[in-house]
$ cat target_13.cif   # mmCIF, C-alpha atoms and all ligand atoms
data_upload
#
loop_
_atom_site.label_atom_id
_atom_site.label_comp_id
_atom_site.auth_asym_id
_atom_site.auth_seq_id
_atom_site.Cartn_x
_atom_site.Cartn_y
_atom_site.Cartn_z
CA MET A 2 0.41 -2.30 23.86
CA ASN A 3 -1.68 -3.13 20.89
CA THR A 4 -4.72 -0.92 21.10
CA SER A 5 -6.56 0.15 17.95
CA GLU A 6 -5.13 3.65 18.45
CA GLU A 7 -1.63 2.45 17.71
CA ILE A 8 -2.38 0.50 14.58
CA ALA A 9 -1.70 2.55 11.46
CA TYR A 10 -4.71 1.52 9.42
CA LYS A 11 -3.70 3.47 6.34
CA GLU A 12 -1.03 0.88 5.56
CA LYS A 13 -3.55 -1.94 5.86
CA ILE A 14 -5.98 -0.49 3.30
CA ASP A 15 -6.10 -2.02 -0.17
CA THR A 16 -6.24 1.10 -2.34
CA THR A 17 -7.46 -0.94 -5.33
CA ARG A 18 -10.70 -1.75 -3.47
CA LEU A 19 -11.65 1.57 -1.96
CA PRO A 20 -15.25 2.60 -1.45
CA GLU A 21 -15.99 5.14 -4.15
CA HIS A 22 -18.41 6.98 -1.88
CA ILE A 23 -18.33 7.30 1.91
CA ALA A 24 -21.17 8.94 3.83
CA ILE A 25 -20.87 10.04 7.45
CA ILE A 26 -23.38 10.96 10.16
CA MET A 27 -21.22 13.29 12.23
CA ASP A 28 -22.79 12.80 15.65
CA GLY A 29 -21.86 13.46 19.28
CA ASN A 30 -20.63 17.07 19.29
CA GLY A 31 -22.95 18.06 22.13
CA ARG A 32 -22.12 15.09 24.37
CA TRP A 33 -18.40 15.53 23.73
CA ALA A 34 -18.59 19.14 24.92
CA LYS A 35 -20.81 18.37 27.89
CA ALA A 36 -18.42 15.66 29.08
CA GLN A 37 -15.88 18.45 29.57
CA GLY A 38 -18.31 20.80 31.20
CA LYS A 39 -18.51 22.96 28.07
CA HIS A 40 -21.44 24.24 26.05
CA ARG A 41 -22.73 22.19 23.10
CA ILE A 42 -21.56 24.92 20.69
CA PHE A 43 -17.98 24.25 21.78
CA GLY A 44 -18.51 20.73 20.48
CA HIS A 45 -19.75 21.97 17.11
CA LYS A 46 -16.73 24.22 16.75
CA ASN A 47 -14.40 21.33 17.44
CA GLY A 48 -16.31 19.16 15.00
CA VAL A 49 -14.93 21.29 12.17
CA LYS A 50 -11.46 19.84 12.81
CA ALA A 51 -12.77 16.34 12.26
CA VAL A 52 -14.40 17.49 9.01
CA ARG A 53 -11.00 18.64 7.84
CA GLU A 54 -9.38 15.36 8.94
CA VAL A 55 -11.79 13.11 7.07
CA THR A 56 -11.89 15.31 3.96
CA GLU A 57 -8.11 15.24 3.76
CA GLY A 58 -8.02 11.55 4.68
CA CYS A 59 -10.44 10.58 1.92
CA ALA A 60 -8.78 12.73 -0.75
CA GLU A 61 -5.33 11.42 0.19
CA ILE A 62 -6.14 7.79 -0.55
CA GLY A 63 -8.38 8.38 -3.56
CA VAL A 64 -12.02 8.24 -2.35
CA LYS A 65 -14.09 10.05 -5.00
CA HIS A 66 -17.15 11.08 -2.95
CA LEU A 67 -17.50 12.07 0.67
CA THR A 68 -20.94 13.05 1.95
CA LEU A 69 -21.27 14.60 5.40
CA TYR A 70 -24.56 14.94 7.27
CA ALA A 71 -24.18 18.40 8.76
CA PHE A 72 -27.75 19.51 9.52
CA SER A 73 -31.00 17.57 9.27
CA THR A 74 -34.53 18.83 8.64
CA GLU A 75 -35.25 17.72 12.23
CA ASN A 76 -32.34 19.80 13.58
CA TRP A 77 -34.42 22.96 12.95
CA ASN A 78 -36.33 21.93 16.10
CA ARG A 79 -33.30 22.49 18.33
CA PRO A 80 -33.13 25.58 20.58
CA LYS A 81 -32.97 28.76 18.47
CA MET A 82 -29.59 29.71 19.94
CA GLU A 83 -28.02 26.41 18.87
CA VAL A 84 -29.52 26.62 15.37
CA SER A 85 -28.15 30.13 14.81
CA ALA A 86 -24.75 29.16 16.19
CA LEU A 87 -24.65 26.20 13.78
CA MET A 88 -25.64 28.41 10.83
CA GLU A 89 -22.99 30.96 11.74
CA LEU A 90 -20.36 28.27 12.09
CA LEU A 91 -21.34 26.87 8.71
CA PHE A 92 -21.06 30.30 7.14
CA LEU A 93 -17.62 30.94 8.62
CA THR A 94 -16.35 27.47 7.74
CA ILE A 95 -17.44 27.62 4.11
CA GLY A 96 -15.68 30.96 3.72
CA LYS A 97 -12.50 29.72 5.38
CA GLU A 98 -12.21 26.39 3.61
CA ILE A 99 -12.39 27.58 0.01
CA LYS A 100 -8.60 27.89 -0.24
CA THR A 101 -8.04 24.36 1.02
CA LEU A 102 -10.67 23.00 -1.36
CA GLN A 103 -9.03 24.71 -4.32
CA LYS A 104 -5.54 23.66 -3.28
CA ASN A 105 -6.66 20.05 -2.97
CA ASN A 106 -8.76 20.05 -6.16
CA ILE A 107 -11.97 19.23 -4.25
CA ARG A 108 -15.44 20.13 -5.52
CA LEU A 109 -18.00 21.31 -2.98
CA ASN A 110 -21.58 20.15 -3.41
CA ALA A 111 -24.70 20.40 -1.23
CA ILE A 112 -27.83 18.29 -0.87
CA GLY A 113 -30.97 19.09 1.08
CA HIS A 114 -33.57 21.81 1.23
CA ILE A 115 -30.97 24.52 0.66
CA HIS A 116 -33.69 27.17 0.34
CA SER A 117 -34.41 26.90 4.07
CA LEU A 118 -30.89 28.07 4.92
CA PRO A 119 -30.29 31.73 5.78
CA GLU A 120 -29.63 33.86 2.70
CA SER A 121 -26.00 34.54 3.68
CA ASN A 122 -25.28 30.80 3.92
CA ARG A 123 -26.93 30.05 0.60
CA LYS A 124 -24.90 32.77 -1.04
CA ALA A 125 -21.60 31.59 0.44
CA LEU A 126 -22.41 28.01 -0.47
CA THR A 127 -23.35 28.84 -4.05
CA GLU A 128 -20.18 30.89 -4.48
CA VAL A 129 -17.89 28.10 -3.27
CA MET A 130 -19.78 25.49 -5.28
CA GLU A 131 -19.41 27.61 -8.39
CA ALA A 132 -15.72 28.31 -7.74
CA THR A 133 -14.89 24.63 -7.21
CA LYS A 134 -17.18 23.09 -9.83
CA ASN A 135 -14.35 22.00 -12.14
CA ASN A 136 -12.31 20.33 -9.40
CA THR A 137 -11.89 16.63 -10.06
CA ARG A 138 -10.06 14.88 -7.26
CA MET A 139 -13.04 14.40 -4.97
CA THR A 140 -16.57 15.70 -4.42
CA LEU A 141 -17.36 16.80 -0.88
CA THR A 142 -21.13 16.90 -0.42
CA LEU A 143 -22.66 18.60 2.61
CA ALA A 144 -26.14 17.43 3.59
CA LEU A 145 -27.73 20.64 4.85
CA SER A 146 -31.31 20.95 5.97
CA TYR A 147 -31.41 17.44 4.59
CA GLY A 148 -34.18 14.94 5.23
CA SER A 149 -34.54 11.79 3.22
CA ARG A 150 -38.31 11.54 3.63
CA GLU A 151 -38.64 15.06 2.26
CA GLU A 152 -36.30 14.15 -0.60
CA LEU A 153 -38.39 11.08 -1.48
CA THR A 154 -41.67 12.98 -1.18
CA GLU A 155 -40.37 15.70 -3.48
CA ALA A 156 -39.23 13.04 -5.97
CA ALA A 157 -42.72 11.47 -5.94
CA LYS A 158 -44.30 14.88 -6.59
CA LYS A 159 -41.98 15.70 -9.49
CA ILE A 160 -42.62 12.33 -11.11
CA ALA A 161 -46.39 12.79 -10.64
CA ILE A 162 -46.18 16.18 -12.36
CA ASP A 163 -44.28 14.65 -15.30
CA PHE A 164 -46.84 11.83 -15.49
CA LYS A 165 -49.77 14.25 -15.46
CA ALA A 166 -48.15 16.33 -18.19
CA GLY A 167 -47.63 13.22 -20.31
CA ARG A 168 -43.85 13.46 -20.15
CA ILE A 169 -43.54 9.99 -18.63
CA THR A 170 -45.70 6.84 -18.74
CA LEU A 171 -46.42 4.58 -15.78
CA ASP A 172 -44.18 1.85 -17.24
CA GLU A 173 -41.28 4.25 -17.53
CA ILE A 174 -41.22 4.94 -13.78
CA SER A 175 -38.26 2.85 -12.68
CA GLN A 176 -35.66 2.74 -9.91
CA GLN A 177 -33.39 4.70 -12.25
CA ILE A 178 -36.04 7.43 -12.64
CA MET A 179 -36.53 7.54 -8.86
CA GLY A 180 -32.78 7.95 -8.37
CA ASP A 181 -32.68 10.69 -10.99
CA HIS A 182 -35.20 12.72 -9.00
CA LEU A 183 -33.19 12.68 -5.78
CA TYR A 184 -30.70 15.34 -4.66
CA THR A 185 -27.96 12.75 -5.25
CA LYS A 186 -28.67 12.39 -8.97
CA GLY A 187 -25.54 11.27 -10.79
CA MET A 188 -23.72 10.22 -7.64
CA PRO A 189 -22.93 6.57 -6.88
CA ASP A 190 -24.64 5.14 -3.77
CA PRO A 191 -22.36 5.10 -0.72
CA GLU A 192 -20.65 1.75 -0.19
CA LEU A 193 -19.79 2.70 3.39
CA MET A 194 -21.72 4.77 5.93
CA ILE A 195 -20.10 5.72 9.22
CA ARG A 196 -21.92 7.05 12.29
CA THR A 197 -20.04 8.29 15.31
CA SER A 198 -21.15 8.63 18.96
CA GLY A 199 -22.50 5.13 19.54
CA GLU A 200 -25.98 5.76 18.14
CA HIS A 201 -27.23 2.98 15.89
CA ARG A 202 -29.73 4.70 13.68
CA ILE A 203 -30.07 6.38 10.29
CA SER A 204 -31.89 9.56 11.44
CA ASN A 205 -33.52 10.29 8.07
CA PHE A 206 -30.24 10.14 6.12
CA LEU A 207 -30.11 8.80 2.52
CA LEU A 208 -32.85 6.20 3.04
CA TRP A 209 -32.97 5.23 -0.64
CA GLN A 210 -29.24 5.47 -1.29
CA LEU A 211 -28.22 3.36 1.73
CA ALA A 212 -30.22 0.30 0.59
CA TYR A 213 -27.10 -1.89 0.31
CA THR A 214 -24.52 0.24 2.08
CA GLU A 215 -22.22 -1.29 4.70
CA LEU A 216 -22.87 0.44 8.03
CA TYR A 217 -20.07 1.16 10.49
CA PHE A 218 -20.68 2.45 13.99
CA THR A 219 -18.10 3.78 16.41
CA GLU A 220 -18.41 4.93 20.02
CA LYS A 221 -16.14 7.91 19.39
CA PHE A 222 -17.75 11.34 19.43
CA TRP A 223 -17.39 13.31 16.21
CA PRO A 224 -14.83 15.90 17.48
CA GLU A 225 -12.46 13.07 18.46
CA PHE A 226 -12.77 11.18 15.16
CA THR A 227 -9.41 11.08 13.36
CA LYS A 228 -8.00 10.12 10.00
CA ASN A 229 -6.85 6.84 11.50
CA ASP A 230 -10.44 6.15 12.66
CA LEU A 231 -11.59 6.74 9.11
CA TYR A 232 -8.97 4.33 7.81
CA GLN A 233 -10.01 1.79 10.43
CA ALA A 234 -13.59 2.00 9.14
CA ILE A 235 -12.40 1.50 5.56
CA TYR A 236 -10.26 -1.45 6.63
CA ASP A 237 -13.26 -2.98 8.40
CA PHE A 238 -15.35 -2.43 5.26
CA GLN A 239 -12.75 -4.19 3.13
CA ASN A 240 -12.97 -7.26 5.31
CA ARG A 241 -16.68 -7.70 4.79
CA GLU A 242 -18.41 -9.81 2.20
CA ARG A 243 -21.03 -7.86 0.27
CA ARG A 244 -23.54 -10.40 -1.00
CA PHE A 245 -26.39 -8.31 -2.46
CA GLY A 246 -28.88 -11.09 -1.75
CA MET A 247 -26.73 -13.82 -3.26
CA THR A 248 -24.88 -16.64 -1.52
CA SER A 249 -21.29 -16.62 -0.41
CA GLU A 250 -20.50 -19.33 -3.00
CA GLN A 251 -21.86 -17.19 -5.81
CA ILE A 252 -19.79 -14.22 -4.70
CA ASN A 253 -16.61 -16.30 -4.57
CA GLU A 254 -17.32 -17.70 -8.01
CA GLN A 255 -17.72 -14.16 -9.37
CA LEU A 256 -14.42 -13.16 -7.78
CA THR A 257 -12.51 -16.08 -9.34
CA ASN A 258 -14.06 -15.39 -12.76
CA ASN A 259 -13.02 -11.75 -12.73
C1 LIG B 301 -23.94 16.33 15.67
O1 LIG B 301 -23.76 16.40 17.04
C2 LIG B 301 -24.07 17.68 15.00
C3 LIG B 301 -25.43 18.01 14.54
C4 LIG B 301 -26.46 17.22 14.60
C5 LIG B 301 -25.62 19.31 13.96
P1 LIG B 301 -24.97 16.63 18.03
O2 LIG B 301 -25.25 18.07 18.16
O3 LIG B 301 -26.14 15.81 17.59
O4 LIG B 301 -24.39 16.06 19.39
P2 LIG B 301 -25.12 15.09 20.41
O5 LIG B 301 -25.60 13.91 19.62
O6 LIG B 301 -26.24 15.87 21.01
O7 LIG B 301 -24.06 14.72 21.38
C1 LIG B 302 -28.24 13.39 12.88
O1 LIG B 302 -27.82 13.63 14.18
C2 LIG B 302 -28.09 14.62 12.05
C3 LIG B 302 -26.74 15.08 11.85
C4 LIG B 302 -25.64 14.50 12.22
C5 LIG B 302 -26.62 16.31 11.12
P1 LIG B 302 -28.88 13.95 15.34
O2 LIG B 302 -28.11 14.07 16.58
O3 LIG B 302 -29.74 15.07 14.95
O4 LIG B 302 -29.74 12.60 15.33
P2 LIG B 302 -30.80 12.03 16.37
O5 LIG B 302 -31.89 13.01 16.45
O6 LIG B 302 -30.10 11.84 17.66
O7 LIG B 302 -31.22 10.73 15.78
MG MG B 303 -26.76 13.92 17.95
#
$ encode --input "target_13.cif" --output "structure tokens" --more "lines below"
Ligand code: IPE
Ligand code: IPE
Ligand code: MG
Amino acid sequence: MNTSEEIAYKEKIDTTRLPEHIAIIMDGNGRWAKAQGKHRIFGHKNGVKAVREVTEGCAEIGVKHLTLYAFSTENWNRPKMEVSALMELLFLTIGKEIKTLQKNNIRLNAIGHIHSLPESNRKALTEVMEATKNNTRMTLTLALSYGSREELTEAAKKIAIDFKAGRITLDEISQQIMGDHLYTKGMPDPELMIRTSGEHRISNFLLWQLAYTELYFTEKFWPEFTKNDLYQAIYDFQNRERRFGMTSEQINEQLTNN
């Protein structure tokens, strides 16, 4: 048999051409649980395993940034019970994972409207971020209460304030300045974005940052996503031609000149 499950994708990856930043929309927890007659929360709990798998998988091969979409601004509209279960799970997970992060030299970071999170979560998050801030192997960024439209609107407001105060002129407002006013300031844009569960949409995730990102969609639900699935996505990414508006001939010429 030669199904994708049995191919060890790790060996196929060219580690000299890794994406520096991978972003993931972890989707399908609820449907995965329902398919087994379980409650949606059971799916969220099992999603934590996949978080561990991909974090380890990325760090192992040398990916420098992993950004996980864990809770969107729109997710606040879910039933109260599900929202509190997700917040509790987040709290417990952050507390539990600190040891693994330290052991693996991984820095924890968060993007989003962190102030909307419950106080206990904010505190736990800040503590772990502070404790891991000097770790250098990889940065794990959790997008929490994250919405890209909110992020862009906030950026526009901050720039307007600076303009009004005379700290910046109209001509100085550039793409660089826009990027510097986003939560992701200082981070490279993701080269690869993965979404699980068969949905083909962005759902308000990194709208600015994904401008030229390669998108990869898989039918697998998040709790069943493995390290090998991650490596398969990276392998797929490495077999694509990124043209950035140019022609294939131009890209090949650049490659031979380098
Ligand atoms: C992703 O799984 C987790 C969060 C959005 C918090 P879902 O909860 O969206 O699961 P589905 O998409 O309903 O199956
Ligand atoms: C996107 O998933 C948000 C996260 C994975 C945290 P959703 O399940 O909320 O997305 P939609 O609403 O189906 O697009
Ligand atoms: Mg979903």
$ residues_around --input "target_13.cif" --residues "stretch 25-28 of chain A" --least-positions-apart "5" --cutoff "7 Å" --atoms "all atoms listed in the file" --output "number ranges by chain"
A: 68-71, 194-198, 222-223
$ atom_distance --input "target_13.cif" --atom1 "atom C2 of ligand LIG 301 (chain B)" --atom2 "atom CA of A:Tyr236"
25.0 Å
$ residues_around --input "target_13.cif" --residues "A:Glu173" --least-positions-apart "5" --cutoff "12 Å" --atoms "all atoms listed in the file" --output "VMD selection string"
chain A and resid 160 163 to 164 167 to 168 178 to 179
$ closest_residue --input "target_13.cif" --among "A:Asn136, A:Thr142, A:Ser204, A:Thr185" --to "ligand LIG 301 (chain B)" --atoms "only C-alpha atoms and all ligand atoms"
A:Ser204
$ residues_around --input "target_13.cif" --residues "stretch 95-104 of chain A" --least-positions-apart "5" --cutoff "7 Å" --atoms "all atoms listed in the file" --output "compact mmCIF listing (two decimals) with C-alpha atoms, in the coordinates of the input"
# COMPACT_ATOMS: atom_id res chain seq x y z
CA ALA A 125 -21.60 31.59 0.44
CA LEU A 126 -22.41 28.01 -0.47
CA VAL A 129 -17.89 28.10 -3.27
CA THR A 133 -14.89 24.63 -7.21
$ closest_residue --input "target_13.cif" --among "A:Asn253, A:Ser121, A:Ser149, A:Gln233" --to "A:Glu89" --atoms "all atoms listed in the file"
A:Ser121
$ atom_distance --input "target_13.cif" --atom1 "atom CA of A:Ala24" --atom2 "atom CA of A:Leu67"
5.8 Å
$ residues_near_point --input "target_13.cif" --point "(-17.5, 0.3, -0.6)" --cutoff "9 Å" --atoms "only C-alpha atoms" --output "number ranges by chain"
A: 18-23, 191-194, 214-215, 235, 238-239, 243
$ closest_residue --input "target_13.cif" --among "A:Thr127, A:His116, A:Glu151, A:Pro224" --to "ligand LIG 301 (chain B)" --atoms "only C-alpha atoms and all ligand atoms"
A:Pro224
$ closest_residue --input "target_13.cif" --among "A:Ala51, A:Leu91, A:Ile14, A:Ala144" --to "A:Asn205" --atoms "only C-alpha atoms"
A:Ala144
$ atom_distance --input "target_13.cif" --atom1 "atom CA of A:Lys13" --atom2 "atom CA of A:Tyr232"
8.5 Å
$ closest_residue --input "target_13.cif" --among "A:Lys221, A:Lys46, A:Lys186, A:Arg138" --to "A:Ala60" --atoms "all atoms listed in the file"
A:Arg138
$ closest_residue --input "target_13.cif" --among "A:Glu75, A:Asp172, A:Glu155, A:Glu128" --to "ligand LIG 302 (chain B)" --atoms "all atoms listed in the file"
A:Glu75
$ build_atoms --input "target_13.cif" --residues "stretch 75-110 of chain A" --atoms "N, CA and C atoms" --output "tab-separated table (two decimals), in the coordinates of the input"
chain	number	residue	atom	x	y	z
A	75	GLU	N	-34.80	17.80	10.83
A	75	GLU	CA	-35.25	17.72	12.23
A	75	GLU	C	-34.43	18.64	13.14
A	76	ASN	N	-33.20	18.94	12.75
A	76	ASN	CA	-32.34	19.80	13.58
A	76	ASN	C	-32.88	21.23	13.70
A	77	TRP	N	-33.80	21.63	12.82
A	77	TRP	CA	-34.42	22.96	12.95
A	77	TRP	C	-35.19	23.06	14.26
A	78	ASN	N	-35.55	21.91	14.84
A	78	ASN	CA	-36.33	21.93	16.10
A	78	ASN	C	-35.46	22.11	17.34
A	79	ARG	N	-34.17	22.26	17.16
A	79	ARG	CA	-33.30	22.49	18.33
A	79	ARG	C	-33.49	23.91	18.85
A	80	PRO	N	-32.99	24.21	20.06
A	80	PRO	CA	-33.13	25.58	20.58
A	80	PRO	C	-32.59	26.59	19.57
A	81	LYS	N	-33.30	27.70	19.46
A	81	LYS	CA	-32.97	28.76	18.47
A	81	LYS	C	-31.49	29.15	18.53
A	82	MET	N	-30.98	29.27	19.75
A	82	MET	CA	-29.59	29.71	19.94
A	82	MET	C	-28.63	28.71	19.29
A	83	GLU	N	-28.91	27.42	19.44
A	83	GLU	CA	-28.02	26.41	18.87
A	83	GLU	C	-28.11	26.43	17.34
A	84	VAL	N	-29.34	26.59	16.82
A	84	VAL	CA	-29.52	26.62	15.37
A	84	VAL	C	-28.75	27.81	14.79
A	85	SER	N	-28.87	28.99	15.40
A	85	SER	CA	-28.15	30.13	14.81
A	85	SER	C	-26.65	29.97	14.95
A	86	ALA	N	-26.20	29.38	16.04
A	86	ALA	CA	-24.75	29.16	16.19
A	86	ALA	C	-24.25	28.19	15.11
A	87	LEU	N	-25.04	27.17	14.82
A	87	LEU	CA	-24.65	26.20	13.78
A	87	LEU	C	-24.61	26.87	12.40
A	88	MET	N	-25.60	27.72	12.14
A	88	MET	CA	-25.64	28.41	10.83
A	88	MET	C	-24.45	29.36	10.69
A	89	GLU	N	-24.12	30.03	11.78
A	89	GLU	CA	-22.99	30.96	11.74
A	89	GLU	C	-21.68	30.20	11.52
A	90	LEU	N	-21.56	29.09	12.22
A	90	LEU	CA	-20.36	28.27	12.09
A	90	LEU	C	-20.23	27.74	10.66
A	91	LEU	N	-21.34	27.36	10.09
A	91	LEU	CA	-21.34	26.87	8.71
A	91	LEU	C	-20.88	27.96	7.76
A	92	PHE	N	-21.42	29.16	7.97
A	92	PHE	CA	-21.06	30.30	7.14
A	92	PHE	C	-19.56	30.58	7.21
A	93	LEU	N	-19.04	30.65	8.44
A	93	LEU	CA	-17.62	30.94	8.62
A	93	LEU	C	-16.74	29.85	8.02
A	94	THR	N	-17.16	28.60	8.21
A	94	THR	CA	-16.35	27.47	7.74
A	94	THR	C	-16.29	27.44	6.22
A	95	ILE	N	-17.43	27.65	5.58
A	95	ILE	CA	-17.44	27.62	4.11
A	95	ILE	C	-16.47	28.67	3.58
A	96	GLY	N	-16.54	29.87	4.16
A	96	GLY	CA	-15.68	30.96	3.72
A	96	GLY	C	-14.20	30.64	3.91
A	97	LYS	N	-13.90	30.00	5.04
A	97	LYS	CA	-12.50	29.72	5.38
A	97	LYS	C	-11.91	28.59	4.55
A	98	GLU	N	-12.74	27.63	4.22
A	98	GLU	CA	-12.21	26.39	3.61
A	98	GLU	C	-12.01	26.46	2.10
A	99	ILE	N	-12.49	27.53	1.48
A	99	ILE	CA	-12.39	27.58	0.01
A	99	ILE	C	-10.96	27.38	-0.50
A	100	LYS	N	-10.00	28.00	0.19
A	100	LYS	CA	-8.60	27.89	-0.24
A	100	LYS	C	-8.13	26.44	-0.22
A	101	THR	N	-8.46	25.76	0.88
A	101	THR	CA	-8.04	24.36	1.02
A	101	THR	C	-8.71	23.49	-0.05
A	102	LEU	N	-9.96	23.79	-0.34
A	102	LEU	CA	-10.67	23.00	-1.36
A	102	LEU	C	-9.99	23.18	-2.72
A	103	GLN	N	-9.68	24.43	-3.04
A	103	GLN	CA	-9.03	24.71	-4.32
A	103	GLN	C	-7.66	24.05	-4.39
A	104	LYS	N	-6.90	24.21	-3.32
A	104	LYS	CA	-5.54	23.66	-3.28
A	104	LYS	C	-5.57	22.14	-3.47
A	105	ASN	N	-6.59	21.51	-2.90
A	105	ASN	CA	-6.66	20.05	-2.97
A	105	ASN	C	-7.54	19.54	-4.11
A	106	ASN	N	-7.97	20.45	-4.99
A	106	ASN	CA	-8.76	20.05	-6.16
A	106	ASN	C	-10.06	19.33	-5.78
A	107	ILE	N	-10.73	19.85	-4.73
A	107	ILE	CA	-11.97	19.23	-4.25
A	107	ILE	C	-13.18	20.10	-4.63
A	108	ARG	N	-14.21	19.43	-5.13
A	108	ARG	CA	-15.44	20.13	-5.52
A	108	ARG	C	-16.41	20.12	-4.34
A	109	LEU	N	-17.00	21.27	-4.05
A	109	LEU	CA	-18.00	21.31	-2.98
A	109	LEU	C	-19.40	21.20	-3.59
A	110	ASN	N	-20.22	20.38	-2.95
A	110	ASN	CA	-21.58	20.15	-3.41
A	110	ASN	C	-22.49	20.18	-2.18
